[in-house]
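Colleague: One file is attached below, structure_34.pdb, containing PDB, C-alpha atoms and all ligand atoms.
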```pdb
ATOM      1  CA  MET A   1       0.000   0.000   0.000  1.00  0.00           C
ATOM      2  CA  ARG A   2       1.554   3.226  -1.221  1.00  0.00           C
ATOM      3  CA  PHE A   3       0.478   5.295   1.779  1.00  0.00           C
ATOM      4  CA  PHE A   4       1.642   2.849   4.444  1.00  0.00           C
ATOM      5  CA  PRO A   5       5.115   3.325   5.876  1.00  0.00           C
ATOM      6  CA  THR A   6       7.362   0.282   6.288  1.00  0.00           C
ATOM      7  CA  ALA A   7       7.519   1.026  10.006  1.00  0.00           C
ATOM      8  CA  ASP A   8       6.821   3.868  12.395  1.00  0.00           C
ATOM      9  CA  ILE A   9       8.420   5.362  15.473  1.00  0.00           C
ATOM     10  CA  SER A  10       7.420   8.335  17.590  1.00  0.00           C
ATOM     11  CA  SER A  11      10.602  10.370  17.050  1.00  0.00           C
ATOM     12  CA  VAL A  12      13.838  10.379  15.042  1.00  0.00           C
ATOM     13  CA  TYR A  13      15.569  11.050  18.329  1.00  0.00           C
ATOM     14  CA  GLN A  14      14.733   7.492  19.455  1.00  0.00           C
ATOM     15  CA  ILE A  15      16.377   5.707  16.564  1.00  0.00           C
ATOM     16  CA  ASN A  16      19.457   3.592  17.161  1.00  0.00           C
ATOM     17  CA  PHE A  17      21.567   4.307  14.070  1.00  0.00           C
ATOM     18  CA  LYS A  18      24.236   1.700  14.786  1.00  0.00           C
ATOM     19  CA  ARG A  19      21.534  -0.905  14.537  1.00  0.00           C
ATOM     20  CA  LEU A  20      20.325   0.553  11.253  1.00  0.00           C
ATOM     21  CA  TYR A  21      23.878   0.291   9.951  1.00  0.00           C
ATOM     22  CA  GLY A  22      23.864  -3.313  11.157  1.00  0.00           C
ATOM     23  CA  ILE A  23      20.952  -4.188   8.866  1.00  0.00           C
ATOM     24  CA  GLY A  24      22.625  -2.578   5.868  1.00  0.00           C
ATOM     25  CA  ILE A  25      21.322   0.986   5.923  1.00  0.00           C
ATOM     26  CA  ARG A  26      23.938   3.346   4.466  1.00  0.00           C
ATOM     27  CA  GLY A  27      21.867   6.404   3.635  1.00  0.00           C
ATOM     28  CA  LEU A  28      19.013   8.261   5.321  1.00  0.00           C
ATOM     29  CA  ILE A  29      16.728  10.678   3.528  1.00  0.00           C
ATOM     30  CA  PHE A  30      15.161  13.098   5.987  1.00  0.00           C
ATOM     31  CA  ASP A  31      12.161  15.337   5.733  1.00  0.00           C
ATOM     32  CA  ILE A  32      12.786  18.519   7.759  1.00  0.00           C
ATOM     33  CA  ASP A  33       9.581  20.205   8.921  1.00  0.00           C
ATOM     34  CA  ASN A  34       7.871  18.379  11.766  1.00  0.00           C
ATOM     35  CA  THR A  35      10.259  15.454  11.344  1.00  0.00           C
ATOM     36  CA  LEU A  36      13.507  16.960  12.635  1.00  0.00           C
ATOM     37  CA  VAL A  37      12.231  20.251  14.081  1.00  0.00           C
ATOM     38  CA  GLU A  38       8.989  22.207  14.302  1.00  0.00           C
ATOM     39  CA  HIS A  39       7.689  23.783  11.109  1.00  0.00           C
ATOM     40  CA  ASP A  40      10.120  26.507   9.908  1.00  0.00           C
ATOM     41  CA  ALA A  41      12.316  26.192  13.006  1.00  0.00           C
ATOM     42  CA  PRO A  42      16.107  26.263  12.560  1.00  0.00           C
ATOM     43  CA  ALA A  43      18.287  23.276  13.434  1.00  0.00           C
ATOM     44  CA  ASP A  44      18.942  23.206  17.161  1.00  0.00           C
ATOM     45  CA  GLU A  45      21.664  21.627  19.270  1.00  0.00           C
ATOM     46  CA  GLY A  46      19.750  18.350  19.416  1.00  0.00           C
ATOM     47  CA  THR A  47      19.512  18.138  15.631  1.00  0.00           C
ATOM     48  CA  VAL A  48      23.205  18.897  15.206  1.00  0.00           C
ATOM     49  CA  ARG A  49      24.071  16.145  17.690  1.00  0.00           C
ATOM     50  CA  LEU A  50      21.665  13.746  15.984  1.00  0.00           C
ATOM     51  CA  PHE A  51      23.464  14.151  12.666  1.00  0.00           C
ATOM     52  CA  GLU A  52      26.843  13.729  14.367  1.00  0.00           C
ATOM     53  CA  THR A  53      25.583  10.436  15.783  1.00  0.00           C
ATOM     54  CA  ILE A  54      24.362   9.307  12.356  1.00  0.00           C
ATOM     55  CA  ARG A  55      27.703  10.158  10.723  1.00  0.00           C
ATOM     56  CA  GLY A  56      29.478   8.375  13.577  1.00  0.00           C
ATOM     57  CA  ALA A  57      27.431   5.271  12.790  1.00  0.00           C
ATOM     58  CA  GLY A  58      28.727   5.337   9.222  1.00  0.00           C
ATOM     59  CA  ILE A  59      25.480   6.403   7.579  1.00  0.00           C
ATOM     60  CA  GLY A  60      25.146   9.209   5.026  1.00  0.00           C
ATOM     61  CA  THR A  61      22.317  11.759   5.106  1.00  0.00           C
ATOM     62  CA  CYS A  62      20.385  13.853   2.642  1.00  0.00           C
ATOM     63  CA  LEU A  63      17.587  16.274   3.515  1.00  0.00           C
ATOM     64  CA  LEU A  64      14.683  16.085   1.096  1.00  0.00           C
ATOM     65  CA  SER A  65      12.252  18.966   1.230  1.00  0.00           C
ATOM     66  CA  ASN A  66       9.567  20.451  -0.975  1.00  0.00           C
ATOM     67  CA  ASN A  67      10.527  23.799   0.509  1.00  0.00           C
ATOM     68  CA  GLN A  68      12.759  26.400  -1.127  1.00  0.00           C
ATOM     69  CA  GLU A  69      16.524  26.501  -0.959  1.00  0.00           C
ATOM     70  CA  LYS A  70      16.464  29.415   1.495  1.00  0.00           C
ATOM     71  CA  ARG A  71      14.800  27.094   4.021  1.00  0.00           C
ATOM     72  CA  VAL A  72      16.732  23.918   3.241  1.00  0.00           C
ATOM     73  CA  LYS A  73      20.322  25.074   2.656  1.00  0.00           C
ATOM     74  CA  PRO A  74      20.966  26.824   6.012  1.00  0.00           C
ATOM     75  CA  PHE A  75      19.458  23.849   7.805  1.00  0.00           C
ATOM     76  CA  ALA A  76      21.654  21.421   5.874  1.00  0.00           C
ATOM     77  CA  GLU A  77      24.741  23.509   6.578  1.00  0.00           C
ATOM     78  CA  ALA A  78      23.938  23.643  10.292  1.00  0.00           C
ATOM     79  CA  VAL A  79      23.708  19.850  10.584  1.00  0.00           C
ATOM     80  CA  GLY A  80      26.359  19.043   7.966  1.00  0.00           C
ATOM     81  CA  SER A  81      24.108  17.156   5.565  1.00  0.00           C
ATOM     82  CA  GLU A  82      23.586  16.900   1.845  1.00  0.00           C
ATOM     83  CA  TYR A  83      20.254  18.270   0.674  1.00  0.00           C
ATOM     84  CA  VAL A  84      17.708  18.384  -2.142  1.00  0.00           C
ATOM     85  CA  PHE A  85      15.238  21.288  -2.156  1.00  0.00           C
ATOM     86  CA  LYS A  86      11.987  21.742  -4.109  1.00  0.00           C
ATOM     87  CA  ALA A  87      11.940  17.962  -4.243  1.00  0.00           C
ATOM     88  CA  GLY A  88       8.371  17.720  -5.536  1.00  0.00           C
ATOM     89  CA  LYS A  89       7.508  14.881  -3.159  1.00  0.00           C
ATOM     90  CA  PRO A  90       5.693  12.506  -3.748  1.00  0.00           C
ATOM     91  CA  SER A  91       7.577  12.389  -7.057  1.00  0.00           C
ATOM     92  CA  PRO A  92      10.433   9.868  -6.729  1.00  0.00           C
ATOM     93  CA  LYS A  93      12.818  12.239  -8.521  1.00  0.00           C
ATOM     94  CA  GLY A  94      14.209  13.811  -5.351  1.00  0.00           C
ATOM     95  CA  CYS A  95      14.694  10.419  -3.699  1.00  0.00           C
ATOM     96  CA  ARG A  96      16.702   9.222  -6.677  1.00  0.00           C
ATOM     97  CA  GLU A  97      18.781  12.382  -6.602  1.00  0.00           C
ATOM     98  CA  ALA A  98      19.409  11.863  -2.884  1.00  0.00           C
ATOM     99  CA  MET A  99      20.538   8.270  -3.445  1.00  0.00           C
ATOM    100  CA  GLU A 100      22.877   9.404  -6.193  1.00  0.00           C
ATOM    101  CA  ILE A 101      24.393  12.001  -3.875  1.00  0.00           C
ATOM    102  CA  MET A 102      24.842   9.453  -1.050  1.00  0.00           C
ATOM    103  CA  HIS A 103      25.966   6.631  -3.395  1.00  0.00           C
ATOM    104  CA  THR A 104      23.294   4.329  -1.993  1.00  0.00           C
ATOM    105  CA  ASP A 105      20.560   2.217  -3.573  1.00  0.00           C
ATOM    106  CA  GLU A 106      16.941   1.263  -2.851  1.00  0.00           C
ATOM    107  CA  GLU A 107      17.963  -1.455  -0.384  1.00  0.00           C
ATOM    108  CA  SER A 108      20.455   0.563   1.622  1.00  0.00           C
ATOM    109  CA  THR A 109      18.385   3.746   1.860  1.00  0.00           C
ATOM    110  CA  LEU A 110      15.605   4.662   4.246  1.00  0.00           C
ATOM    111  CA  LEU A 111      13.343   7.706   4.119  1.00  0.00           C
ATOM    112  CA  ILE A 112      12.179   9.246   7.394  1.00  0.00           C
ATOM    113  CA  GLY A 113       9.278  11.684   7.413  1.00  0.00           C
ATOM    114  CA  ASP A 114       6.029  12.737   9.067  1.00  0.00           C
ATOM    115  CA  GLN A 115       3.529  12.857   6.181  1.00  0.00           C
ATOM    116  CA  LEU A 116       1.858   9.996   4.332  1.00  0.00           C
ATOM    117  CA  PHE A 117       0.980  11.925   1.175  1.00  0.00           C
ATOM    118  CA  THR A 118       4.406  13.396   0.637  1.00  0.00           C
ATOM    119  CA  ASP A 119       7.161  11.476   2.450  1.00  0.00           C
ATOM    120  CA  VAL A 120       5.794   7.937   2.645  1.00  0.00           C
ATOM    121  CA  TRP A 121       4.300   8.024  -0.852  1.00  0.00           C
ATOM    122  CA  CYS A 122       7.539   9.465  -2.237  1.00  0.00           C
ATOM    123  CA  ALA A 123       9.549   6.574  -0.761  1.00  0.00           C
ATOM    124  CA  TYR A 124       7.056   4.095  -2.182  1.00  0.00           C
ATOM    125  CA  ASN A 125       7.344   5.659  -5.636  1.00  0.00           C
ATOM    126  CA  ALA A 126      11.130   5.422  -5.464  1.00  0.00           C
ATOM    127  CA  GLY A 127      11.026   1.804  -4.273  1.00  0.00           C
ATOM    128  CA  ILE A 128      12.639   2.477  -0.912  1.00  0.00           C
ATOM    129  CA  ARG A 129      11.478   1.788   2.618  1.00  0.00           C
ATOM    130  CA  SER A 130      10.072   4.504   4.857  1.00  0.00           C
ATOM    131  CA  VAL A 131       9.771   5.210   8.548  1.00  0.00           C
ATOM    132  CA  LEU A 132       6.924   7.450   9.672  1.00  0.00           C
ATOM    133  CA  VAL A 133       7.513   9.648  12.708  1.00  0.00           C
ATOM    134  CA  SER A 134       4.882  11.513  14.713  1.00  0.00           C
ATOM    135  CA  ARG A 135       4.858  15.199  13.835  1.00  0.00           C
ATOM    136  CA  ILE A 136       6.782  17.271  16.343  1.00  0.00           C
ATOM    137  CA  ALA A 137       4.201  20.046  16.791  1.00  0.00           C
ATOM    138  CA  PHE A 138       0.532  20.474  16.066  1.00  0.00           C
ATOM    139  CA  HIS A 139       0.691  23.918  14.490  1.00  0.00           C
ATOM    140  CA  GLU A 140       1.371  23.728  10.766  1.00  0.00           C
ATOM    141  CA  ARG A 141       0.113  25.237   7.538  1.00  0.00           C
ATOM    142  CA  PHE A 142      -3.608  25.099   6.855  1.00  0.00           C
ATOM    143  CA  TRP A 143      -3.365  22.826   3.794  1.00  0.00           C
ATOM    144  CA  ILE A 144      -1.287  20.366   5.796  1.00  0.00           C
ATOM    145  CA  HIS A 145      -4.031  20.314   8.438  1.00  0.00           C
ATOM    146  CA  LEU A 146      -6.491  19.388   5.686  1.00  0.00           C
ATOM    147  CA  LYS A 147      -4.324  16.459   4.630  1.00  0.00           C
ATOM    148  CA  ARG A 148      -4.223  15.250   8.219  1.00  0.00           C
ATOM    149  CA  ILE A 149      -7.877  14.176   8.060  1.00  0.00           C
ATOM    150  CA  PRO A 150      -7.572  11.443   5.385  1.00  0.00           C
ATOM    151  CA  GLU A 151      -4.150  10.722   6.841  1.00  0.00           C
ATOM    152  CA  ALA A 152      -5.673   9.876  10.221  1.00  0.00           C
ATOM    153  CA  LEU A 153      -8.005   7.415   8.515  1.00  0.00           C
ATOM    154  CA  LEU A 154      -5.147   5.760   6.643  1.00  0.00           C
ATOM    155  CA  LEU A 155      -3.101   5.571   9.817  1.00  0.00           C
ATOM    156  CA  LEU A 156      -5.940   3.769  11.506  1.00  0.00           C
ATOM    157  CA  LEU A 157      -6.040   1.250   8.637  1.00  0.00           C
ATOM    158  CA  TYR A 158      -2.252   0.924   8.819  1.00  0.00           C
ATOM    159  CA  ARG A 159      -2.584  -0.009  12.493  1.00  0.00           C
ATOM    160  CA  ILE A 160      -5.455  -2.481  12.170  1.00  0.00           C
ATOM    161  CA  LEU A 161      -5.034  -4.155   8.756  1.00  0.00           C
ATOM    162  CA  PRO A 162      -2.721  -7.141   8.449  1.00  0.00           C
ATOM    163  CA  ARG A 163       0.344  -6.251   6.381  1.00  0.00           C
ATOM    164  CA  ARG A 164       3.661  -7.731   5.472  1.00  0.00           C
ATOM    165  CA  ARG A 165       6.090  -6.524   8.102  1.00  0.00           C
ATOM    166  CA  ASP A 166       9.784  -5.837   7.830  1.00  0.00           C
ATOM    167  CA  ARG A 167      10.833  -7.553  11.044  1.00  0.00           C
ATOM    168  CA  LYS A 168      14.528  -6.802  10.583  1.00  0.00           C
ATOM    169  CA  LEU A 169      13.848  -3.094  10.292  1.00  0.00           C
ATOM    170  CA  GLU A 170      11.372  -3.120  13.177  1.00  0.00           C
ATOM    171  CA  GLU A 171      13.852  -4.881  15.449  1.00  0.00           C
ATOM    172  CA  ALA A 172      16.584  -2.418  14.560  1.00  0.00           C
ATOM    173  CA  LEU A 173      14.259   0.514  15.238  1.00  0.00           C
ATOM    174  CA  TYR A 174      12.598  -0.620  18.421  1.00  0.00           C
ATOM    175  CA  GLU A 175      15.141  -2.613  20.407  1.00  0.00           C
ATOM    176  CA  ASN A 176      17.556  -0.098  21.784  1.00  0.00           C
TER     177      ASN A 176
HETATM  178 MG    MG B 201       7.159  17.258   7.220  1.00  0.00          MG
END
```
Output the file's structure in the form of structure tokens.
Modeller:
Amino acid sequence: MRFFPTADISSVYQINFKRLYGIGIRGLIFDIDNTLVEHDAPADEGTVRLFETIRGAGIGTCLLSNNQEKRVKPFAEAVGSEYVFKAGKPSPKGCREAMEIMHTDEESTLLIGDQLFTDVWCAYNAGIRSVLVSRIAFHERFWIHLKRIPEALLLLLYRILPRRRDRKLEEALYEN
């Protein structure tokens, strides 16, 4: 199902990146707004440390945002990450660009984001796995609020319908 993430976790700050490396992940594609920080917030100390940890685990990173370069570039520079702006998610184009930049492929790359209709669908279109995180803050743009209604319904289905699970990924994510 194109709108179902491969797995979900409440926050990126809970992920054990050494374990992700252990199951073959070499590149992470990150959404920014409401995934790493609140909407339009700059990178903070926690985000900078998070990316240091990821690099330390031997995993490359690329930010993938539909936002403009003036939002994405300073953020990327602050955390020391590659980036793709105006990505046009859910188009797979940006994902492919990100993989090219990180020298990774569909198997070794994971996309982490907070929205089903942009992030999760984008990963699906590019043939890579995705991890859904809970949005950091409730306040966001009006049109995003609108998308949250069908999203809530899909999330409910995601939780109750039987689906093929990626046990290896789930174990790496949940067992810290
Ligand atoms: Mg987002």
Colleague: Any chance you could work out the residue set of the PyMOL selection byres (((chain A and resi 132) around 7) and not hetatm) here, as a list of chain:residue names?
Modeller: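 Applied to this file, the PyMOL selection byres (((chain A and resi 132) around 7) and not hetatm) returns A:Pro5, A:Ala7, A:Asp8, A:Ile9, A:Ile112, A:Gly113, A:Asp114, A:Ser130, A:Val131, A:Val133, A:Ser134.
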Colleague: Store the residues of this selection in a file with C-alpha atoms, as a PDB file, keeping the file's coordinate frame.
Modeller:
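The new file out-v7.pdb reads:
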```pdb
ATOM      1  CA  PRO A   5       5.115   3.325   5.876  1.00  0.00           C
ATOM      2  CA  ALA A   7       7.519   1.026  10.006  1.00  0.00           C
ATOM      3  CA  ASP A   8       6.821   3.868  12.395  1.00  0.00           C
ATOM      4  CA  ILE A   9       8.420   5.362  15.473  1.00  0.00           C
ATOM      5  CA  ILE A 112      12.179   9.246   7.394  1.00  0.00           C
ATOM      6  CA  GLY A 113       9.278  11.684   7.413  1.00  0.00           C
ATOM      7  CA  ASP A 114       6.029  12.737   9.067  1.00  0.00           C
ATOM      8  CA  SER A 130      10.072   4.504   4.857  1.00  0.00           C
ATOM      9  CA  VAL A 131       9.771   5.210   8.548  1.00  0.00           C
ATOM     10  CA  VAL A 133       7.513   9.648  12.708  1.00  0.00           C
ATOM     11  CA  SER A 134       4.882  11.513  14.713  1.00  0.00           C
TER      12      SER A 134
END
```
Colleague: Assuming the chain letters and numbering stay as they are in my file, what does the PyMOL selection byres (((not hetatm)) within 12 of (chain B and resi 201)) actually select? List them as JSON, numbers by chain.
Modeller: {"A": [30, 31, 32, 33, 34, 35, 36, 37, 38, 39, 40, 41, 63, 64, 65, 66, 67, 89, 111, 112, 113, 114, 115, 116, 117, 118, 119, 120, 132, 133, 134, 135, 136, 137, 138, 139, 140, 141, 144, 145, 147, 148]}
Colleague: Box in all listed atoms of region 72-91 of chain A, axis-aligned, with 5 Å more on each side; write out centre and edge lengths in Å to one decimal as lines of an AutoDock Vina configuration file.
Modeller:
```
center_x = 16.0
center_y = 19.6
center_z = 1.8
size_x = 30.7
size_y = 24.4
size_z = 27.6
```
Colleague: Looking at A:Ala98, A:Val12, A:Cys122, A:Leu155, which one is nearest to Glu82 (chain A), with distances taken over only C-alpha atoms?
Modeller: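 Comparing A:Ala98, A:Val12, A:Cys122, A:Leu155 against Glu82 (chain A), the winner is A:Ala98.
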Colleague: Please expand the PyMOL selection byres (((chain A and resi 42-53) around 6) and not hetatm) into the concrete residues it hits in this file, giving the result as an MDAnalysis selection string.
Modeller: chainID A and resid 41 54:56 75 79
Colleague: Work out how far apart CA of Ile101 (chain A) and CA of Arg165 (chain A) are and give it in Å to one decimal.
Modeller: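 One can read the CA of Ile101 (chain A) to CA of Arg165 (chain A) distance as 28.7 Å.
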Colleague: Measure the distance from CA of Ser81 (chain A) to CA of Gly60 (chain A) in Å and round it to one decimal.
Modeller: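 About the pair CA of Ser81 (chain A) and CA of Gly60 (chain A): they are 8.0 Å apart.
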Colleague: In Å, how far is it from CA of Lys93 (chain A) to CA of Phe4 (chain A)?
Modeller: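 Between CA of Lys93 (chain A) and CA of Phe4 (chain A) the gap works out to 19.5 Å.
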Colleague: Taking all atoms listed in the file into account, which of A:Pro92, A:Gly58, A:Met1, A:Leu110 comes nearest Arg163 (chain A)?
Modeller: A:Met1
Colleague: How close does region 12-42 of chain A get to region 102-108 of chain A? List, as a tab-separated table, each residue of region 12-42 of chain A within 8 Å, its nearest atom pair and the distance in Å to one decimal, counting only C-alpha atoms.
Modeller:
```
residue	atom	partner	partner_atom	distance
A:Gly24	CA	A:Ser108	CA	5.7
A:Ile25	CA	A:Ser108	CA	4.4
A:Arg26	CA	A:Ser108	CA	5.3
A:Gly27	CA	A:Thr104	CA	6.2
```
Colleague: Select region 131-160 of chain A in the preceding structure and write N, CA and C atoms to a file as a short mmCIF file (atom, residue, chain, number, x, y, z; two decimals), in the first residue's frame.
Modeller:
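Contents of out.cif, as written:
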```
data_model
loop_
_atom_site.label_atom_id
_atom_site.label_comp_id
_atom_site.auth_asym_id
_atom_site.auth_seq_id
_atom_site.Cartn_x
_atom_site.Cartn_y
_atom_site.Cartn_z
N VAL A 131 10.13 5.23 7.13
CA VAL A 131 9.77 5.21 8.55
C VAL A 131 8.97 6.48 8.83
N LEU A 132 7.77 6.30 9.33
CA LEU A 132 6.92 7.45 9.67
C LEU A 132 7.20 7.85 11.12
N VAL A 133 7.38 9.15 11.34
CA VAL A 133 7.51 9.65 12.71
C VAL A 133 6.30 10.52 13.04
N SER A 134 5.97 10.63 14.31
CA SER A 134 4.88 11.51 14.71
C SER A 134 5.34 12.95 14.55
N ARG A 135 4.47 13.80 14.03
CA ARG A 135 4.86 15.20 13.84
C ARG A 135 5.26 15.82 15.17
N ILE A 136 6.23 16.70 15.12
CA ILE A 136 6.78 17.27 16.34
C ILE A 136 5.79 18.23 17.00
N ALA A 137 5.13 19.07 16.21
CA ALA A 137 4.20 20.05 16.79
C ALA A 137 2.89 20.06 16.02
N PHE A 138 1.86 20.47 16.69
CA PHE A 138 0.53 20.47 16.07
C PHE A 138 0.36 21.61 15.08
N HIS A 139 0.93 22.77 15.38
CA HIS A 139 0.69 23.92 14.49
C HIS A 139 1.47 23.74 13.19
N GLU A 140 0.76 23.82 12.08
CA GLU A 140 1.37 23.73 10.77
C GLU A 140 0.48 24.46 9.77
N ARG A 141 0.89 24.47 8.52
CA ARG A 141 0.11 25.24 7.54
C ARG A 141 -1.27 24.63 7.35
N PHE A 142 -2.20 25.50 6.97
CA PHE A 142 -3.61 25.10 6.86
C PHE A 142 -3.80 23.90 5.94
N TRP A 143 -3.14 23.93 4.74
CA TRP A 143 -3.36 22.83 3.79
C TRP A 143 -2.80 21.52 4.33
N ILE A 144 -1.82 21.61 5.20
CA ILE A 144 -1.29 20.37 5.80
C ILE A 144 -2.30 19.82 6.79
N HIS A 145 -2.96 20.74 7.52
CA HIS A 145 -4.03 20.31 8.44
C HIS A 145 -5.11 19.56 7.68
N LEU A 146 -5.46 20.05 6.49
CA LEU A 146 -6.49 19.39 5.69
C LEU A 146 -6.09 17.96 5.34
N LYS A 147 -4.81 17.79 4.99
CA LYS A 147 -4.32 16.46 4.63
C LYS A 147 -4.32 15.52 5.82
N ARG A 148 -4.30 16.08 7.03
CA ARG A 148 -4.22 15.25 8.22
C ARG A 148 -5.50 14.45 8.45
N ILE A 149 -6.61 14.89 7.84
CA ILE A 149 -7.88 14.18 8.06
C ILE A 149 -7.88 12.81 7.36
N PRO A 150 -7.69 12.77 6.01
CA PRO A 150 -7.57 11.44 5.38
C PRO A 150 -6.38 10.67 5.91
N GLU A 151 -5.34 11.39 6.30
CA GLU A 151 -4.15 10.72 6.84
C GLU A 151 -4.48 9.94 8.11
N ALA A 152 -5.29 10.53 8.97
CA ALA A 152 -5.67 9.88 10.22
C ALA A 152 -6.42 8.57 9.94
N LEU A 153 -7.25 8.60 8.90
CA LEU A 153 -8.01 7.41 8.51
C LEU A 153 -7.06 6.32 8.02
N LEU A 154 -6.11 6.72 7.17
CA LEU A 154 -5.15 5.76 6.64
C LEU A 154 -4.28 5.18 7.75
N LEU A 155 -3.93 6.03 8.70
CA LEU A 155 -3.10 5.57 9.82
C LEU A 155 -3.83 4.52 10.64
N LEU A 156 -5.12 4.74 10.78
CA LEU A 156 -5.94 3.77 11.51
C LEU A 156 -5.91 2.42 10.77
N LEU A 157 -6.08 2.48 9.45
CA LEU A 157 -6.04 1.25 8.64
C LEU A 157 -4.67 0.58 8.74
N TYR A 158 -3.63 1.42 8.70
CA TYR A 158 -2.25 0.92 8.82
C TYR A 158 -2.08 0.14 10.12
N ARG A 159 -2.72 0.64 11.19
CA ARG A 159 -2.58 -0.01 12.49
C ARG A 159 -3.40 -1.29 12.59
N ILE A 160 -4.58 -1.32 11.94
CA ILE A 160 -5.46 -2.48 12.17
C ILE A 160 -5.40 -3.54 11.06
#
```
